[in-house]
Structure formats: C-alpha cells, structure tokens
Amino acid sequence: MEPKGAASLGAASAAGEPVTLETIDPFVDGAAVKRIGAIPWQIFNGHRDATALFSADEGAVCTEMLGLYQNEGIIAEPAGALSVAGLGLADLAPGSTAVCIISGGNNDVLRYAEVMERSLVHRGLRHYFLVNFPQEAGQLRHFLNDILGGEDDIVLFEYLKKNNRETGAALVGIELARAGDLEPLLGRMEASPLGCRRLEPGTPEYDFIVAG
C-alpha cells in the first residue's frame, strides 16, 4: 500500500527495478519517498506473486483519517490511515476478514484544514471556479439566485487582479451537499451569460491559484 502521489514502489514494479520519481506529493509524509529503498524492494520483489499492490489517493486517506477520528476516536497520521484507505481498492470476497494495521498518531492539529479540504475535493463536494463577472449591477445577485443550487455553499470568494474595466474575475469555491449536484451546477453555469470555468485538481493552474 502506498500513496498515489508518491507511488515509488509501483514505478519500480513496472520498471523491474527501483527508479527515482521526479516529483511527489509529500502529504502522506510517513510513506512518501521518491525512490523505494533497496531492502523494501527486495522483500516485495521476492514475494511479488503473493502480493497485491495498491495506491490510495491522498484525498481518500484524508477521508479515512476523519472517519477514524469521528467514528472510532482514533487519531491517525496520514501514513497510519493508509492501510484503511486501501480497503476500498481491495477485491475482497463477501464474508472474508481483512486486518488493517493502523500505526502512527503523529498528527499535527494545524493540518486539520488541509485534511478537510483534500477529503472534500476527493469526495466531489468542493469545487473551484474562475467566474468572469461583467462590471454591471446585479451580476453577483444573478450568480447567487440563478446559478447556485439551494444547498450549495460559497466557501471562498476572492476577486483576482483586475486587468480591464469591462469584467472582473473572481476565484469562487463552492461546497455541494451531494457530489451529484455538480452536473446541474455546471449546466446552469453553461447556460449563464457569465464566464465560468472550473479549475481541475492536479492541474498547474489549480495548484497555483487554489493551493498557493
């Protein structure tokens, strides 16, 4: 089991030998390495036929961290919740027994906001858009009344640097009540005269504008 953003073992398995990844997501810091060590690789390679290799999305790890705390009272660091996140990827037969080792409670409370953010994005509940508002009266009201759904919530609204007098671009973060509410929201945006563009996680512009 390894984090998707630092899948050095998966890369080594595909190449037949350890390789060095150019970049990694360091969030699951207890398991995020650019290159798998020689001893772990030797152990894995010697039992390859009896081993299933999974990589869990960091957002799924965050969801499991929150679930462990809220439901079981267990405080787990990202690497500690990695095994539980892998349960959703394993092809388990009905009635079978699975054992997850949850180790590591070295979790900084200051990371809670990031954990929540990654979990919401992974679950399809939080999305970010660049909205180009014409500099005319009533445009924000139109966005609130005609584009947002009744249960949609604005969690971020920030005007970006203004570069002309006709329009003003804003970074808008929206949290949905259900992941299925996204398609209707996108449809209303498409039908609106406002210029709305969704920022996709994992793209340079998303990382620069949202994460930065």
# chains A, B, ... in the order shown; residues from 1 in each chain; ligands from 1
call {"tool": "select_by_dssp", "arguments": {"residues": "region 22-177 of chain A", "states": "helix (DSSP H, G or I)", "output": "PyMOL selection string"}}
result
chain A and resi 38-46+48-50+58-72+78-88+109-122+139-147
call {"tool": "write_last_selection", "arguments": {"atoms": "C-alpha atoms", "output": "short mmCIF file (atom, residue, chain, number, x, y, z; two decimals), in the first residue's frame"}}
result
data_model
loop_
_atom_site.label_atom_id
_atom_site.label_comp_id
_atom_site.auth_asym_id
_atom_site.auth_seq_id
_atom_site.Cartn_x
_atom_site.Cartn_y
_atom_site.Cartn_z
CA ALA A 38 16.73 -1.45 -1.58
CA ILE A 39 15.52 -3.69 1.27
CA PRO A 40 11.75 -3.00 0.83
CA TRP A 41 12.19 -3.57 -2.90
CA GLN A 42 14.00 -6.86 -2.29
CA ILE A 43 11.23 -8.05 0.04
CA PHE A 44 8.46 -7.02 -2.38
CA ASN A 45 10.20 -8.48 -5.42
CA GLY A 46 10.77 -11.79 -3.63
CA ARG A 48 5.65 -10.43 -5.95
CA ASP A 49 3.36 -13.32 -6.92
CA ALA A 50 1.66 -13.32 -3.50
CA GLU A 58 -4.34 11.31 -0.74
CA GLY A 59 -7.91 12.58 -0.55
CA ALA A 60 -9.13 9.09 0.30
CA VAL A 61 -6.51 8.91 3.05
CA CYS A 62 -7.85 12.19 4.46
CA THR A 63 -11.41 10.85 4.40
CA GLU A 64 -10.30 7.79 6.35
CA MET A 65 -8.38 9.93 8.86
CA LEU A 66 -11.55 11.89 9.57
CA GLY A 67 -13.65 8.73 9.72
CA LEU A 68 -11.28 7.02 12.15
CA TYR A 69 -11.38 10.02 14.45
CA GLN A 70 -15.11 10.76 14.25
CA ASN A 71 -16.31 7.15 14.40
CA GLU A 72 -13.63 5.30 16.38
CA PRO A 78 -1.72 10.09 7.03
CA ALA A 79 0.56 7.05 6.79
CA GLY A 80 -1.35 5.44 9.65
CA ALA A 81 -4.64 5.67 7.78
CA LEU A 82 -3.11 4.46 4.51
CA SER A 83 -3.98 0.81 5.13
CA VAL A 84 -7.65 1.63 5.79
CA ALA A 85 -7.82 3.71 2.61
CA GLY A 86 -6.65 0.64 0.73
CA LEU A 87 -9.67 -1.40 1.81
CA GLY A 88 -11.78 0.31 -0.82
CA VAL A 109 -3.75 19.66 14.53
CA LEU A 110 -2.67 22.53 12.26
CA ARG A 111 -3.10 20.17 9.30
CA TYR A 112 -6.80 19.66 10.00
CA ALA A 113 -7.89 22.32 7.49
CA GLU A 114 -5.82 20.66 4.75
CA VAL A 115 -7.17 17.23 5.68
CA MET A 116 -10.74 18.51 5.43
CA GLU A 117 -10.01 20.24 2.12
CA ARG A 118 -8.43 17.19 0.50
CA SER A 119 -11.25 14.96 1.74
CA LEU A 120 -13.99 17.23 0.39
CA VAL A 121 -12.29 17.54 -3.00
CA HIS A 122 -11.80 13.76 -3.18
CA GLN A 139 -24.34 40.20 -11.66
CA LEU A 140 -23.48 38.79 -8.25
CA ARG A 141 -27.18 38.50 -7.41
CA HIS A 142 -27.69 36.60 -10.68
CA PHE A 143 -24.91 34.20 -9.70
CA LEU A 144 -26.40 33.61 -6.26
CA ASN A 145 -30.04 33.30 -7.35
CA ASP A 146 -29.80 31.62 -10.75
CA ILE A 147 -26.62 29.56 -10.75
#
call {"tool": "select_by_dssp", "arguments": {"residues": "chain A", "states": "strand (DSSP E)", "output": "short mmCIF file (atom, residue, chain, number, x, y, z; two decimals) with C-alpha atoms, in the first residue's frame"}}
result
data_model
loop_
_atom_site.label_atom_id
_atom_site.label_comp_id
_atom_site.auth_asym_id
_atom_site.auth_seq_id
_atom_site.Cartn_x
_atom_site.Cartn_y
_atom_site.Cartn_z
CA GLU A 2 1.39 3.40 -0.96
CA PRO A 3 0.11 6.93 -1.58
CA SER A 55 -2.01 3.13 -4.35
CA ALA A 56 -4.55 5.24 -2.47
CA ARG A 126 -15.78 21.02 -3.05
CA HIS A 127 -15.01 22.68 -6.38
CA TYR A 128 -13.33 25.84 -7.53
CA PHE A 129 -14.20 28.10 -10.45
CA LEU A 130 -12.96 31.22 -12.15
CA VAL A 131 -16.03 33.39 -12.73
CA ASN A 132 -15.79 36.42 -15.00
CA PHE A 133 -18.31 38.94 -13.74
CA PRO A 134 -19.35 41.78 -16.08
CA ASP A 153 -22.48 27.00 -0.21
CA ILE A 154 -19.80 29.53 -1.15
CA VAL A 155 -16.68 28.80 0.91
CA LEU A 156 -14.32 31.15 -0.93
CA PHE A 157 -14.89 34.33 -2.91
CA GLU A 158 -11.87 36.37 -3.92
CA TYR A 159 -11.54 38.89 -6.72
CA THR A 167 -15.13 42.38 -16.39
CA GLY A 168 -13.76 41.24 -13.06
CA ALA A 169 -12.56 37.67 -12.49
CA ALA A 170 -13.19 36.02 -9.14
CA LEU A 171 -12.00 32.76 -7.64
CA VAL A 172 -15.09 31.06 -6.23
CA GLY A 173 -15.03 27.95 -4.04
CA ILE A 174 -18.32 26.07 -3.80
CA GLU A 175 -19.20 23.23 -1.44
CA GLY A 195 -17.96 33.21 -17.99
CA CYS A 196 -17.46 30.28 -15.60
CA ARG A 197 -14.50 27.92 -15.81
CA ARG A 198 -13.94 25.01 -13.49
CA LEU A 199 -10.45 24.51 -12.09
#
call {"tool": "atom_distance", "arguments": {"atom1": "CA of Asp57 (chain A)", "atom2": "CA of Gly5 (chain A)"}}
result
7.1 Å
call {"tool": "atom_distance", "arguments": {"atom1": "CA of Asn107 (chain A)", "atom2": "CA of Gly124 (chain A)"}}
result
24.4 Å
call {"tool": "residues_around", "arguments": {"residues": "region 14-22 of chain A", "least_positions_apart": "4", "cutoff": "9 Å", "atoms": "only C-alpha atoms", "output": "ChimeraX atom specification"}}
result
/A:6-10,33-38,41,45
call {"tool": "atom_distance", "arguments": {"atom1": "CA of Ala90 (chain A)", "atom2": "CA of Ile102 (chain A)"}}
result
16.7 Å
